[in-house]
Structures are given as C-alpha cells and as structure tokens.
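Visitor: Please find one structure pasted underneath; my questions will follow.
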Amino acid sequence: LPYQEVTDVLVSYNQSIDHGNFESVFHISHHFNDRKEIETAENLIDLGFKQHNTFYNARVNFDTGKFSHNIGLQGNFLNNTNQDDVLDILIPDANYAENGAYYMVNYEWKSYFFQGALRYDYRHVEADASDQQFIDAGFVLPGEPESRTLTSNFSGLTGSLGVTKSFGKHQKLKANLSSGFRSPDLAELFSFGQHPGTNRFEIGNANFDREQSFQLDLNYALTLDRFRLDWSVFGSQIDNYIFFSDTGEVQQESGLNIWQYQQVEAQLYGSEINLQYVALENRQLKLNLGAALVRGENEDFDEPLTFIPPDNFNVKAEYRLGKLQKTAVFSKLRSVARQDRPGFNEEETPGYTLLDFGFKHNFDFEEQNLEASLSVQNLLDKTYVDHLSILRAFNIPSPGRNVMLNLRYNF
C-alpha cells in the first residue's frame, strides 16, 4: 500500500476508401477505463472511477487543380462515474459531448507550400452530484446549486496559416501562425475533495473560461545524405491559461494541503533542436542529439508559471551488429538541468542524468515481422524527482531501474 488497480479496454476501427475523385477516411474507437486507488486497506477503495470515452473522426480529401482540400468532423463523448462504496470523492459523476468541424486547404506554387485551416468546436458538460454518496461525503459543486447539478458550454473558433519555402533539395524553412482552443477538463471544473494518491485536497472552478492561444512557430530543416538538422522556435500568448498550484493553505478536516486550479494570462516560448547522423559502412551507427528549453510566464503576477519543464539534453546511439543487421544495441543518455525558475509555491528541483540501455532483434517470417526488444531504463538506478511529477511536492522520487520487454508483431 498504496497502489493503483487499472483496467483498460480499447476497441477501434479505421477505414480508408479511394473513390476516384476523392478519398474518405473514417475512424471510431471506444475506450473503457476502470481505475481504483487503494491506500487504506486492500479491501477498501479510496478513490475509484469508471470512464467510457467514444471518439470519432470522419474526413473527406479531394483535389481541385493545385489545391488539395480536407473537410471533416471530429468529436468524443465521455461518461465518468464514481464507483460505489469509495471512501473519497474527488469529482462528481459527469458527461460531456464535444464535436468539431474543420476545413484545411493546401496549395503548392514553385518552391512554396501554403497551408490554411479553420475549425469550430463545441463542448457541452453536465455534472451531477445528487446521488446519496455525494451527500454523505459532503461533496459540493461550485456555488452549491440546490439541484446539485451543473451544466457548462464551451465553444471556440481556431485557425492556422503556414508557409514552407524550399531551398533546393536539402533545406526548408517553415513559418506558421495559429490559434488554439481548449475546454477545461472535469477535474479543472469540478474538483472538490482529497486525492489520496497525492495527499492533496483539490479544488476546481466551474466559472473557468476556455483557453485560447495565439502562437507563432518557425522551423529550419537541413537534410543531407547522412545528416539531418531540425531547429524550431515558438512563442505563444495564452488567454485564460489553467494551471495547478499549492495555495499554501491547509484543509482543516483532512489536514491536507489545498491545491487549486487557477486561470491567468500567460506566455510560453522556447526552442528545440534535433541532430541525426548516420555513420560507418552500411549505415551501422545512428546518432541522435536533441535539446529543448521552455519558458513560461504568469503575466498576471509577473512570475514564472508552475510545472514548466527544465532545460534538457539527450544523446541516443544505435549500432547494428555488422552482418547481423537485424540485431541492434542502443543506449540513451538524458541530462536534465536544475529548474531554478519555480512558479507560485514551487521549489527548485535539482538536475539529474539518466542512462538507458537495450538491444532489439527483428525476426522475418515471409510477409510477417516480429520485433523483440529488451531495455533497461535508468540503468544506474539514479534517485531523482521529476519537476513535472505531481508527487514532486512530497519529494517522492520517480521510478528507479526499470526492465522492459517489448514484442511487436506486424502482419
């Protein structure tokens, strides 16, 4: 104790049909998740949910001259129910239905490639805390409505406009201006209770508005025979940005620290670079180097945002064993810098370096293929705390040495 007991069932269907003048694509999936947090005793469920989520995407692709078009519908329907006889309740029973319609057009002219898109989304959310188990637990919805139910609606229009310029066969420069939209999730809207797995009392806000962002992306790519460089920078202005932080207060009944979702004006900006190099004869050795940095600013309080990843640097090498081209050994070194820009009620986290190692082999069976790999993550069993971990505030370390066996069969 404590531990989680999780069951997932995912069923999906994909279909793509070429009709001659146009192509139709359809995808539908249903995901069932049963999650139990067990902390007090093995025969008691502290926190438990059953969630059904159905997702669909339908799209039509067609060309008119130099233009190519994509028109589609996308959405999902979610039902979240608290299990019976749980000791704690964090969020109410809830349903939401979200649907979106989008249009995207591409156009090529000489060495330029243009892309534009427009999308509209609408989400309807219903929360219900009228069942007796919510009353017995003292769970309240924001504003304490007499019906013990709440409904919320969110809608938003987003779009993007991008251009790619090719410089010969080896170089490309991309620029993209876009807007983004995100509805608050159920926890951000309706949380009110203790979360056993994190030792927090969490509070949401049903009055949150949608998040709306405006972002500029720039990307440069260089591709040679054995070398590839990708470098990108971005900047984003986000209205009604939602984040999670410790309020510094204690909930009297439970004695837990109160964490609350908040909403502010924010800026995010950063850069990422990736280098790939293939060496030796028969391209036996592949090297990959990557680095990223992100900065987040809370404009309402002129301070850094919480839960912003620290600067990180990665090196990965893969070597195929001579004539045994189907067998390879690989290793990855990940170095994470100290996060010395903590947000509200955050503390700095020290940096750390992790080493992974493994090998893989491909087995061919006529038209079928089986890939088997064995890897060891955090080979040196480094004790560290990830700055993005929700358990960071309690100084609970991230996983130590972890051995993984992976089998993938293609048929």
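How things are named: the first chain in the structure tokens is A, the next is B, and so on; residues count from 1 in each chain; ligands count from 1 in the order shown.
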Counting only C-alpha atoms, what is within 8 Å of segment 18-30 of chain A, bar same-chain residues fewer than 5 positions away, as a PyMOL selection string?
Guide: chain A and resi 10-13+52-63
Visitor: Apply DSSP to the structure's backbone, then extract all residues of segment 56-218 of chain A labelled helix (DSSP H, G or I) and return them as a PyMOL selection string.
Guide: chain A and resi 132-137+186-190
Visitor: One number please: atom CA of Pro310 of chain A to atom CA of Gln4 of chain A, in Å, one decimal.
Guide: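 Separation between atom CA of Pro310 of chain A and atom CA of Gln4 of chain A: 28.3 Å.
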Visitor: Give me the residues within 7 Å of segment 146-156 of chain A as a short mmCIF file (atom, residue, chain, number, x, y, z; two decimals) with N, CA, C and O atoms, in the first residue's frame, counting only C-alpha atoms and dropping any in the same chain fewer than 4 places off.
Guide:
data_model
loop_
_atom_site.label_atom_id
_atom_site.label_comp_id
_atom_site.auth_asym_id
_atom_site.auth_seq_id
_atom_site.Cartn_x
_atom_site.Cartn_y
_atom_site.Cartn_z
N TYR A 120 -14.07 24.79 -35.86
CA TYR A 120 -15.00 25.23 -34.81
C TYR A 120 -15.30 24.04 -33.89
O TYR A 120 -15.56 22.93 -34.35
N ASP A 121 -15.25 24.27 -32.57
CA ASP A 121 -15.51 23.23 -31.58
C ASP A 121 -16.58 23.69 -30.60
O ASP A 121 -16.66 24.88 -30.25
N TYR A 122 -17.37 22.71 -30.13
CA TYR A 122 -18.40 23.00 -29.13
C TYR A 122 -18.44 21.84 -28.14
O TYR A 122 -18.49 20.67 -28.54
N ARG A 123 -18.39 22.15 -26.84
CA ARG A 123 -18.45 21.12 -25.80
C ARG A 123 -19.57 21.45 -24.81
O ARG A 123 -19.66 22.57 -24.32
N HIS A 124 -20.40 20.44 -24.50
CA HIS A 124 -21.46 20.55 -23.51
C HIS A 124 -21.12 19.61 -22.35
O HIS A 124 -20.92 18.41 -22.55
N VAL A 125 -21.06 20.15 -21.14
CA VAL A 125 -20.64 19.39 -19.96
C VAL A 125 -21.78 19.37 -18.94
O VAL A 125 -22.39 20.41 -18.66
N GLU A 126 -22.05 18.20 -18.39
CA GLU A 126 -23.05 18.06 -17.33
C GLU A 126 -22.41 17.36 -16.13
O GLU A 126 -21.82 16.29 -16.28
N ALA A 127 -22.55 17.97 -14.95
CA ALA A 127 -22.04 17.39 -13.71
C ALA A 127 -23.21 17.10 -12.78
O ALA A 127 -24.12 17.91 -12.65
N ASP A 128 -23.16 15.94 -12.12
CA ASP A 128 -24.27 15.52 -11.27
C ASP A 128 -23.72 15.00 -9.94
O ASP A 128 -23.03 13.98 -9.89
N ALA A 129 -24.04 15.70 -8.86
CA ALA A 129 -23.62 15.28 -7.51
C ALA A 129 -24.84 15.04 -6.63
O ALA A 129 -24.80 15.26 -5.42
N SER A 130 -25.96 14.59 -7.23
CA SER A 130 -27.21 14.43 -6.49
C SER A 130 -27.34 13.07 -5.82
O SER A 130 -28.21 12.88 -4.97
N LEU A 141 -20.75 21.06 -5.26
CA LEU A 141 -20.41 21.68 -6.53
C LEU A 141 -20.18 23.17 -6.32
O LEU A 141 -20.73 23.76 -5.38
N PHE A 181 -7.53 26.30 -29.04
CA PHE A 181 -8.69 26.34 -28.16
C PHE A 181 -8.69 25.08 -27.30
O PHE A 181 -8.42 23.98 -27.80
N SER A 183 -11.05 23.37 -23.93
CA SER A 183 -12.05 23.47 -22.86
C SER A 183 -11.47 22.94 -21.56
O SER A 183 -10.68 21.99 -21.57
N ARG A 210 -12.78 29.18 -21.51
CA ARG A 210 -11.93 28.33 -22.36
C ARG A 210 -10.54 28.96 -22.48
O ARG A 210 -10.36 30.17 -22.39
#
Visitor: Could you tell me which of A:Asn378, A:Gln260, A:Thr353, A:Ser245 comes closest to Phe192 of chain A if we count only C-alpha atoms?
Guide: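 Among the listed residues, A:Gln260 lies closest to Phe192 of chain A.
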Visitor: Under the rule that only C-alpha atoms are counted, which of A:Tyr241, A:Phe214, A:Phe234, A:Tyr261 is the nearest residue to Phe190 of chain A?
Guide: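 Smallest distance to Phe190 of chain A is found for A:Tyr261.
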Visitor: Which segment 269-332 of chain A residues have any atom within 9 Å of an atom of segment 382-394 of chain A, and for each, what is the nearest pair of atoms with distance in Å to one decimal, counting only C-alpha atoms, rows sorted by chain and number, as CSV?
Guide:
residue,atom,partner,partner_atom,distance
A:Phe307,CA,A:Leu388,CA,5.5
A:Ile308,CA,A:Leu388,CA,7.1
A:Pro309,CA,A:Leu388,CA,6.4
A:Pro310,CA,A:His387,CA,7.4
